[in-house]
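coords_31.txt (compact mmCIF, C-alpha atoms)
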```
# COMPACT_ATOMS: atom_id res chain seq x y z
CA MET A 784 -28.54 74.88 17.88
CA SER A 785 -26.39 74.94 14.76
CA LYS A 786 -27.81 74.53 11.31
CA ARG A 787 -27.03 71.20 9.63
CA ILE A 788 -25.28 70.91 6.25
CA ILE A 789 -25.28 67.60 4.38
CA ILE A 790 -22.35 67.40 1.94
CA ASP A 791 -21.86 64.77 -0.74
CA MET A 792 -18.41 63.30 -1.35
CA ASP A 793 -17.98 62.25 -5.00
CA GLU A 794 -17.85 65.11 -7.50
CA VAL A 795 -18.25 67.55 -4.58
CA ILE A 796 -15.19 67.15 -2.33
CA ALA A 797 -13.55 64.20 -4.13
CA ASP A 798 -12.89 64.02 -7.87
CA PRO A 799 -13.55 60.49 -9.20
CA MET A 800 -14.38 61.80 -12.69
CA GLY A 801 -11.08 63.69 -12.92
CA GLU A 802 -9.19 60.61 -11.70
CA MET A 803 -10.97 58.36 -14.21
CA ILE A 804 -10.32 60.76 -17.10
CA GLU A 805 -6.60 60.97 -16.23
CA TRP A 806 -6.35 57.17 -16.00
CA TYR A 807 -8.19 56.77 -19.31
CA LYS A 808 -5.93 59.25 -21.09
CA LYS A 809 -2.82 57.39 -19.85
CA GLU A 810 -4.29 53.96 -20.57
CA TYR A 811 -5.86 54.65 -24.00
CA GLY A 812 -4.24 57.89 -25.16
CA ALA A 813 -7.65 59.41 -25.76
CA GLU A 814 -9.85 62.01 -24.12
CA PRO A 815 -13.46 61.10 -23.26
CA ASP A 816 -16.16 63.21 -24.92
CA LYS A 817 -17.30 65.58 -22.17
CA SER A 818 -20.17 66.86 -24.33
CA ARG A 819 -21.75 63.38 -24.05
CA MET A 820 -21.54 63.29 -20.24
CA ILE A 821 -25.06 64.64 -19.71
CA GLY A 822 -26.80 62.67 -16.97
CA SER A 823 -23.76 60.45 -16.32
CA TRP A 824 -20.08 60.97 -16.93
CA LEU A 825 -19.87 57.29 -17.95
CA THR A 826 -21.54 58.17 -21.29
CA GLY A 827 -18.55 60.30 -22.29
CA PHE A 828 -16.39 57.19 -22.64
CA PRO A 829 -16.58 55.00 -25.76
CA GLU A 830 -19.27 52.34 -25.42
CA GLN A 831 -16.75 49.50 -25.72
CA HIS A 832 -14.87 50.84 -22.65
CA ARG A 833 -17.80 51.60 -20.33
CA GLN A 834 -17.66 48.21 -18.63
CA LEU A 835 -13.95 48.81 -17.92
CA ILE A 836 -14.88 52.12 -16.30
CA LEU A 837 -17.55 50.44 -14.16
CA ASP A 838 -15.17 47.65 -13.21
CA ARG A 839 -12.58 50.21 -12.13
CA LEU A 840 -15.19 52.04 -10.03
CA ARG A 841 -16.02 48.73 -8.33
CA SER A 842 -12.39 47.77 -7.72
CA PRO A 843 -10.81 47.96 -4.27
CA GLY A 844 -8.67 51.08 -3.91
CA PHE A 845 -10.23 53.30 -6.58
CA PHE A 846 -11.92 55.65 -4.09
CA ARG A 847 -8.92 55.61 -1.73
CA HIS A 848 -6.65 57.88 -3.77
CA LEU A 849 -8.94 60.43 -5.42
CA PRO A 850 -7.91 64.05 -5.91
CA VAL A 851 -9.44 66.53 -3.48
CA MET A 852 -11.62 69.31 -4.90
CA GLU A 853 -9.84 72.64 -4.76
CA ASP A 854 -10.45 74.69 -1.57
CA SER A 855 -12.77 72.04 -0.09
CA VAL A 856 -10.51 71.23 2.89
CA ASP A 857 -10.18 74.85 4.04
CA VAL A 858 -13.84 75.69 3.52
CA LEU A 859 -15.12 72.52 5.21
CA ARG A 860 -12.80 73.10 8.17
CA GLU A 861 -14.45 76.52 8.66
CA LEU A 862 -17.97 75.20 8.03
CA ASN A 863 -17.34 72.53 10.66
CA LYS A 864 -16.72 75.28 13.25
CA ARG A 865 -20.04 77.02 12.53
CA TYR A 866 -22.42 74.28 11.42
CA GLU A 867 -23.32 70.68 12.15
CA VAL A 868 -21.68 69.10 9.08
CA PHE A 869 -22.24 65.57 7.81
CA ILE A 870 -20.50 63.99 4.85
CA VAL A 871 -23.06 61.68 3.26
CA SER A 872 -21.98 59.47 0.38
CA ALA A 873 -23.98 56.85 -1.47
CA ALA A 874 -21.46 54.04 -1.17
CA MET A 875 -23.50 50.87 -1.37
CA GLU A 876 -23.54 50.75 -5.18
CA PHE A 877 -19.78 50.25 -4.98
CA PRO A 878 -19.29 48.18 -1.78
CA ASN A 879 -15.49 48.17 -2.09
CA SER A 880 -15.64 51.94 -1.70
CA LEU A 881 -16.81 51.86 1.94
CA LYS A 882 -13.39 51.46 3.57
CA ASP A 883 -11.69 53.52 0.84
CA LYS A 884 -14.05 56.46 1.30
CA TYR A 885 -13.76 56.43 5.08
CA GLU A 886 -9.95 56.32 4.98
CA TRP A 887 -9.84 59.02 2.28
CA LEU A 888 -12.02 61.29 4.41
CA MET A 889 -9.89 60.72 7.51
CA ASP A 890 -6.71 61.53 5.53
CA HIS A 891 -7.97 64.73 3.93
CA PHE A 892 -10.59 65.93 6.45
CA PRO A 893 -9.21 64.78 9.83
CA PHE A 894 -11.27 67.43 11.65
CA PHE A 895 -14.42 65.34 11.04
CA THR A 896 -15.25 62.59 13.50
CA TRP A 897 -16.52 59.19 12.45
CA LYS A 898 -19.95 60.29 13.71
CA GLN A 899 -20.08 62.93 10.95
CA ILE A 900 -19.73 60.40 8.14
CA ALA A 901 -22.65 58.46 6.67
CA LEU A 902 -21.90 55.94 3.92
CA THR A 903 -25.33 54.86 2.78
CA GLY A 904 -27.42 53.39 0.00
CA SER A 905 -29.99 56.18 0.00
CA LYS A 906 -29.74 59.81 0.98
CA ASP A 907 -33.48 59.85 1.65
CA LEU A 908 -32.49 58.80 5.18
CA VAL A 909 -30.76 62.10 6.02
CA PHE A 910 -32.17 65.43 7.06
CA GLY A 911 -30.70 68.86 7.44
CA ASP A 912 -31.09 72.53 6.71
CA TYR A 913 -28.91 72.46 3.58
CA MET A 914 -27.63 69.81 1.18
CA ILE A 915 -24.81 70.18 -1.35
CA ASP A 916 -24.85 67.39 -3.93
CA ASP A 917 -24.11 66.93 -7.64
CA HIS A 918 -26.98 64.51 -8.28
CA LEU A 919 -30.54 65.71 -8.78
CA LYS A 920 -31.93 62.39 -7.45
CA ASN A 921 -30.40 63.14 -4.04
CA LEU A 922 -31.74 66.69 -3.88
CA GLN A 923 -35.31 66.05 -5.07
CA GLY A 924 -36.69 64.59 -1.85
CA PHE A 925 -34.59 66.73 0.49
CA LYS A 926 -36.72 68.81 2.87
CA GLY A 927 -34.13 71.55 3.47
CA LYS A 928 -32.48 73.99 1.04
CA PRO A 929 -30.78 72.07 -1.81
CA TYR A 930 -27.69 73.29 -3.65
CA LEU A 931 -26.60 71.58 -6.87
CA TYR A 932 -22.82 71.29 -7.02
CA THR A 933 -21.82 71.79 -10.64
CA SER A 934 -20.36 68.79 -12.43
CA GLN A 935 -20.06 67.88 -16.10
CA HIS A 936 -23.02 65.49 -15.90
CA ASN A 937 -25.47 68.10 -14.50
CA LEU A 938 -24.68 71.16 -16.65
CA ASN A 939 -28.13 71.11 -18.27
CA VAL A 940 -30.08 70.82 -14.99
CA THR A 941 -32.09 73.91 -14.10
CA GLY A 942 -34.30 74.91 -11.20
CA TYR A 943 -31.67 74.68 -8.43
CA ASP A 944 -29.31 77.15 -6.84
CA ARG A 945 -25.81 76.08 -7.88
CA ILE A 946 -22.45 76.01 -6.22
CA ASN A 947 -19.69 75.91 -8.81
CA ASN A 948 -16.71 75.62 -6.45
CA TRP A 949 -15.79 75.83 -2.77
CA LYS A 950 -14.96 79.55 -2.88
CA GLU A 951 -18.62 80.13 -3.86
CA ALA A 952 -19.74 77.84 -1.03
CA ALA A 953 -17.67 79.93 1.40
CA LYS A 954 -19.43 83.10 0.23
CA ILE A 955 -22.84 81.48 0.81
CA PHE A 956 -22.21 79.82 4.17
CA LEU A 957 -19.34 81.76 5.76
```
Could you express the structure from this file as structure tokens?
Amino acid sequence: MSKRIIIDMDEVIADPMGEMIEWYKKEYGAEPDKSRMIGSWLTGFPEQHRQLILDRLRSPGFFRHLPVMEDSVDVLRELNKRYEVFIVSAAMEFPNSLKDKYEWLMDHFPFFTWKQIALTGSKDLVFGDYMIDDHLKNLQGFKGKPYLYTSQHNLNVTGYDRINNWKEAAKIFL
């Protein structure tokens, strides 16, 4: 039986932070402070604009048109041939994202079936041999081998094997 890999969506194969930063630069002509994005990328935006950022995350369509992380499509296509792959995304915090995320995945990763996608409120429900995620909270209770996918908000986290990009993931798993 194949080994199972659980893969997060946001900040791992989709780039909501990059999309939000580009929108913010166009809208306000300013760059968020990446050095303040420890723990959450929301904290890099000025305090008076954080509610706007949250409102945009909650709006219909935001998650539908996110940029794809470089090399993720090619690497996941190959992983899908060798492993039992599940895309697991915590979507319940932003309920409008459910349809958007599913359609985004079907557009960019059409080799996955609907049975390989879990849009959930808690990743404690999933099990596997490996998990790739950018959030410590999702990796802490995982029973398999966790990999922390590097993102601006987790740069100071230690104690986990990291994956910095999908070429590195290919070297580990392929």
Closest pair table for region 827-890 of chain A residues within 9 Å of region 793-813 of chain A, only C-alpha atoms, as CSV:
```
residue,atom,partner,partner_atom,distance
A:Phe828,CA,A:Tyr807,CA,8.9
A:Ile836,CA,A:Met803,CA,7.7
A:Arg839,CA,A:Met803,CA,8.6
A:Leu840,CA,A:Pro799,CA,8.6
A:Phe845,CA,A:Pro799,CA,8.3
A:Phe846,CA,A:Pro799,CA,7.2
A:His848,CA,A:Glu802,CA,8.8
A:Leu849,CA,A:Asp798,CA,5.9
A:Pro850,CA,A:Asp798,CA,5.4
A:Val851,CA,A:Ala797,CA,4.8
A:Met852,CA,A:Ile796,CA,4.9
A:Glu853,CA,A:Ile796,CA,8.0
A:Asp854,CA,A:Ile796,CA,8.9
A:Ser855,CA,A:Ile796,CA,5.9
A:Val856,CA,A:Ile796,CA,8.1
A:Ser872,CA,A:Asp793,CA,7.3
A:Ala873,CA,A:Asp793,CA,8.8
```
key: Contact residues around Phe892 (chain A) with all atoms listed in the file at 9 Å, ignoring same-chain residues under 5 positions, as number ranges by chain   = A: 856, 859-860, 887
request  = Could you give me, as a PyMOL selection string, the residues within 10 Å of Asn879 (chain A), counting all atoms listed in the file and dropping anything in the same chain fewer than 5 positions from it?
outcome  = chain A and resi 840-847+874+884
ask   = So how far away is CA of Gly942 (chain A) from CA of Ala901 (chain A), in Å?
value =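 Going from CA of Ala901 (chain A) over to CA of Gly942 (chain A) covers 26.9 Å.
A straight line drawn from CA of Ile915 (chain A) to CA of Val858 (chain A) is 13.2 Å long.
Closest approach to Gln899 (chain A) from the set A:Glu814, A:Ser880, A:Glu886, A:Phe869 is made by A:Phe869, with distances taken over all atoms listed in the file.
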Within 12 Å of Pro829 (chain A) using all atoms listed in the file, minus same-chain residues under 2 positions, as a PyMOL selection string = chain A and resi 807+811+813-817+819-820+824-827+831-836
key: Atomic separation - CA of Asp917 (chain A) relative to CA of Thr933 (chain A), Å   = 6.2 Å
key: Distance query Phe925 (chain A) at most 12 Å, only C-alpha atoms, self and fewer than 5 positions along chain excluded, as an MDAnalysis selection string   = chainID A and resid 788:789 905:916 918:920 930:931
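The shortest atom-to-atom distance to Ala953 (chain A), with all atoms listed in the file taken into account, belongs to A:Arg865 out of A:Lys898, A:Lys786, A:Arg865, A:His891.
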task = Give the answer as one residue: which of A:Tyr866, A:His936, A:Glu951, A:Tyr943 has the shortest atom-to-atom distance to Leu922 (chain A), using all atoms listed in the file?
result =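 Selected residue with least distance to Leu922 (chain A): A:Tyr943.
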Save region 802-952 of chain A from what I just supplied, as a short mmCIF file (atom, residue, chain, number, x, y, z; two decimals), in the first residue's frame, atoms limited to C-alpha atoms.
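Result went into selection.cif, see below:
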```
data_model
loop_
_atom_site.label_atom_id
_atom_site.label_comp_id
_atom_site.auth_asym_id
_atom_site.auth_seq_id
_atom_site.Cartn_x
_atom_site.Cartn_y
_atom_site.Cartn_z
CA GLU A 802 -1.98 37.89 -3.62
CA MET A 803 -2.90 40.03 -0.60
CA ILE A 804 0.43 41.88 -0.67
CA GLU A 805 0.05 42.65 -4.40
CA TRP A 806 -3.51 43.89 -3.87
CA TYR A 807 -2.42 46.02 -0.91
CA LYS A 808 0.44 47.60 -2.86
CA LYS A 809 -1.94 48.52 -5.72
CA GLU A 810 -4.69 49.71 -3.37
CA TYR A 811 -2.56 51.68 -0.85
CA GLY A 812 0.77 52.20 -2.61
CA ALA A 813 2.60 50.72 0.36
CA GLU A 814 4.42 47.52 1.18
CA PRO A 815 3.45 45.59 4.33
CA ASP A 816 6.20 45.11 6.91
CA LYS A 817 7.30 41.50 6.42
CA SER A 818 9.52 41.64 9.52
CA ARG A 819 6.33 41.96 11.62
CA MET A 820 4.67 38.90 10.07
CA ILE A 821 5.89 36.50 12.76
CA GLY A 822 3.07 34.16 13.78
CA SER A 823 0.61 35.68 11.28
CA TRP A 824 1.12 37.56 8.06
CA LEU A 825 -1.82 39.79 9.05
CA THR A 826 0.44 41.57 11.58
CA GLY A 827 2.62 42.92 8.76
CA PHE A 828 -0.19 45.20 7.63
CA PRO A 829 -0.90 48.51 9.42
CA GLU A 830 -3.30 48.02 12.31
CA GLN A 831 -5.91 50.33 10.77
CA HIS A 832 -6.06 48.08 7.66
CA ARG A 833 -6.15 44.64 9.30
CA GLN A 834 -9.94 44.47 9.30
CA LEU A 835 -9.90 45.22 5.56
CA ILE A 836 -7.49 42.32 5.07
CA LEU A 837 -9.74 39.99 7.09
CA ASP A 838 -12.81 41.18 5.21
CA ARG A 839 -11.08 40.47 1.91
CA LEU A 840 -10.12 36.97 3.10
CA ARG A 841 -13.78 36.35 3.96
CA SER A 842 -15.12 37.72 0.68
CA PRO A 843 -16.45 35.42 -2.06
CA GLY A 844 -13.88 34.93 -4.81
CA PHE A 845 -10.68 35.73 -2.92
CA PHE A 846 -9.46 32.12 -2.81
CA ARG A 847 -10.64 31.42 -6.38
CA HIS A 848 -7.87 33.29 -8.20
CA LEU A 849 -4.74 32.81 -6.09
CA PRO A 850 -1.30 32.39 -7.64
CA VAL A 851 0.05 28.84 -7.69
CA MET A 852 3.29 28.14 -5.82
CA GLU A 853 6.16 27.60 -8.22
CA ASP A 854 6.75 23.96 -9.27
CA SER A 855 3.86 22.67 -7.13
CA VAL A 856 1.78 21.41 -10.07
CA ASP A 857 4.58 19.32 -11.59
CA VAL A 858 5.77 17.92 -8.27
CA LEU A 859 2.27 17.08 -7.02
CA ARG A 860 1.45 15.38 -10.33
CA GLU A 861 4.46 13.07 -9.77
CA LEU A 862 3.71 12.58 -6.07
CA ASN A 863 0.17 11.58 -7.00
CA LYS A 864 1.58 8.72 -9.11
CA ARG A 865 3.65 7.31 -6.23
CA TYR A 866 1.74 8.19 -3.06
CA GLU A 867 -1.78 8.46 -1.73
CA VAL A 868 -2.05 12.28 -1.74
CA PHE A 869 -4.71 14.34 0.01
CA ILE A 870 -5.04 18.10 -0.14
CA VAL A 871 -6.34 19.16 3.27
CA SER A 872 -7.23 22.80 3.82
CA ALA A 873 -8.75 24.42 6.89
CA ALA A 874 -11.57 26.22 5.11
CA MET A 875 -14.26 26.63 7.74
CA GLU A 876 -12.80 29.84 9.18
CA PHE A 877 -13.56 31.44 5.81
CA PRO A 878 -16.78 29.69 4.67
CA ASN A 879 -16.89 31.56 1.34
CA SER A 880 -13.61 29.84 0.50
CA LEU A 881 -15.10 26.33 0.26
CA LYS A 882 -16.33 26.55 -3.34
CA ASP A 883 -13.44 28.83 -4.34
CA LYS A 884 -10.81 26.43 -3.03
CA TYR A 885 -12.40 23.39 -4.65
CA GLU A 886 -12.68 25.12 -8.04
CA TRP A 887 -9.13 26.48 -7.76
CA LEU A 888 -7.81 22.99 -7.06
CA MET A 889 -9.72 21.49 -9.99
CA ASP A 890 -8.35 24.20 -12.32
CA HIS A 891 -4.71 23.89 -11.31
CA PHE A 892 -4.50 20.25 -10.13
CA PRO A 893 -7.01 18.41 -12.35
CA PHE A 894 -5.23 15.10 -11.72
CA PHE A 895 -6.70 15.01 -8.19
CA THR A 896 -10.16 13.57 -7.73
CA TRP A 897 -12.76 15.10 -5.44
CA LYS A 898 -12.07 12.22 -3.04
CA GLN A 899 -8.53 13.54 -2.50
CA ILE A 900 -9.70 16.93 -1.24
CA ALA A 901 -10.69 17.61 2.37
CA LEU A 902 -11.90 21.10 3.24
CA THR A 903 -12.22 20.99 7.00
CA GLY A 904 -12.30 22.96 10.23
CA SER A 905 -9.61 20.90 11.94
CA LYS A 906 -6.72 18.91 10.55
CA ASP A 907 -6.74 16.76 13.68
CA LEU A 908 -9.20 14.59 11.74
CA VAL A 909 -6.65 13.47 9.14
CA PHE A 910 -3.96 10.84 9.30
CA GLY A 911 -1.07 9.94 7.07
CA ASP A 912 2.58 9.09 6.88
CA TYR A 913 3.68 12.66 6.06
CA MET A 914 2.18 16.13 6.36
CA ILE A 915 3.39 19.30 4.64
CA ASP A 916 1.91 22.42 6.23
CA ASP A 917 2.97 26.00 7.01
CA HIS A 918 1.20 26.17 10.38
CA LEU A 919 2.69 24.68 13.51
CA LYS A 920 -0.79 24.13 15.02
CA ASN A 921 -1.59 21.66 12.24
CA LEU A 922 1.65 19.72 12.61
CA GLN A 923 1.76 19.44 16.41
CA GLY A 924 -0.80 16.68 16.81
CA PHE A 925 0.06 14.85 13.59
CA LYS A 926 1.10 11.24 14.19
CA GLY A 927 3.20 10.87 11.02
CA LYS A 928 6.32 12.74 9.87
CA PRO A 929 5.64 16.51 9.79
CA TYR A 930 7.33 18.93 7.40
CA LEU A 931 7.03 22.68 7.95
CA TYR A 932 6.60 24.50 4.65
CA THR A 933 8.49 27.77 4.96
CA SER A 934 6.41 30.94 4.94
CA GLN A 935 7.07 34.45 6.20
CA HIS A 936 4.98 33.87 9.34
CA ASN A 937 6.93 30.76 10.47
CA LEU A 938 10.54 31.82 9.86
CA ASN A 939 11.37 31.74 13.59
CA VAL A 940 9.87 28.27 14.22
CA THR A 941 12.43 25.60 15.04
CA GLY A 942 12.28 21.89 15.76
CA TYR A 943 10.78 20.77 12.43
CA ASP A 944 12.25 19.56 9.17
CA ARG A 945 11.49 22.28 6.61
CA ILE A 946 10.55 22.33 2.99
CA ASN A 947 11.36 25.70 1.45
CA ASN A 948 9.96 25.08 -2.04
CA TRP A 949 8.59 22.31 -4.26
CA LYS A 950 11.98 21.45 -5.79
CA GLU A 951 13.11 20.53 -2.25
CA ALA A 952 9.94 18.49 -1.76
#
```
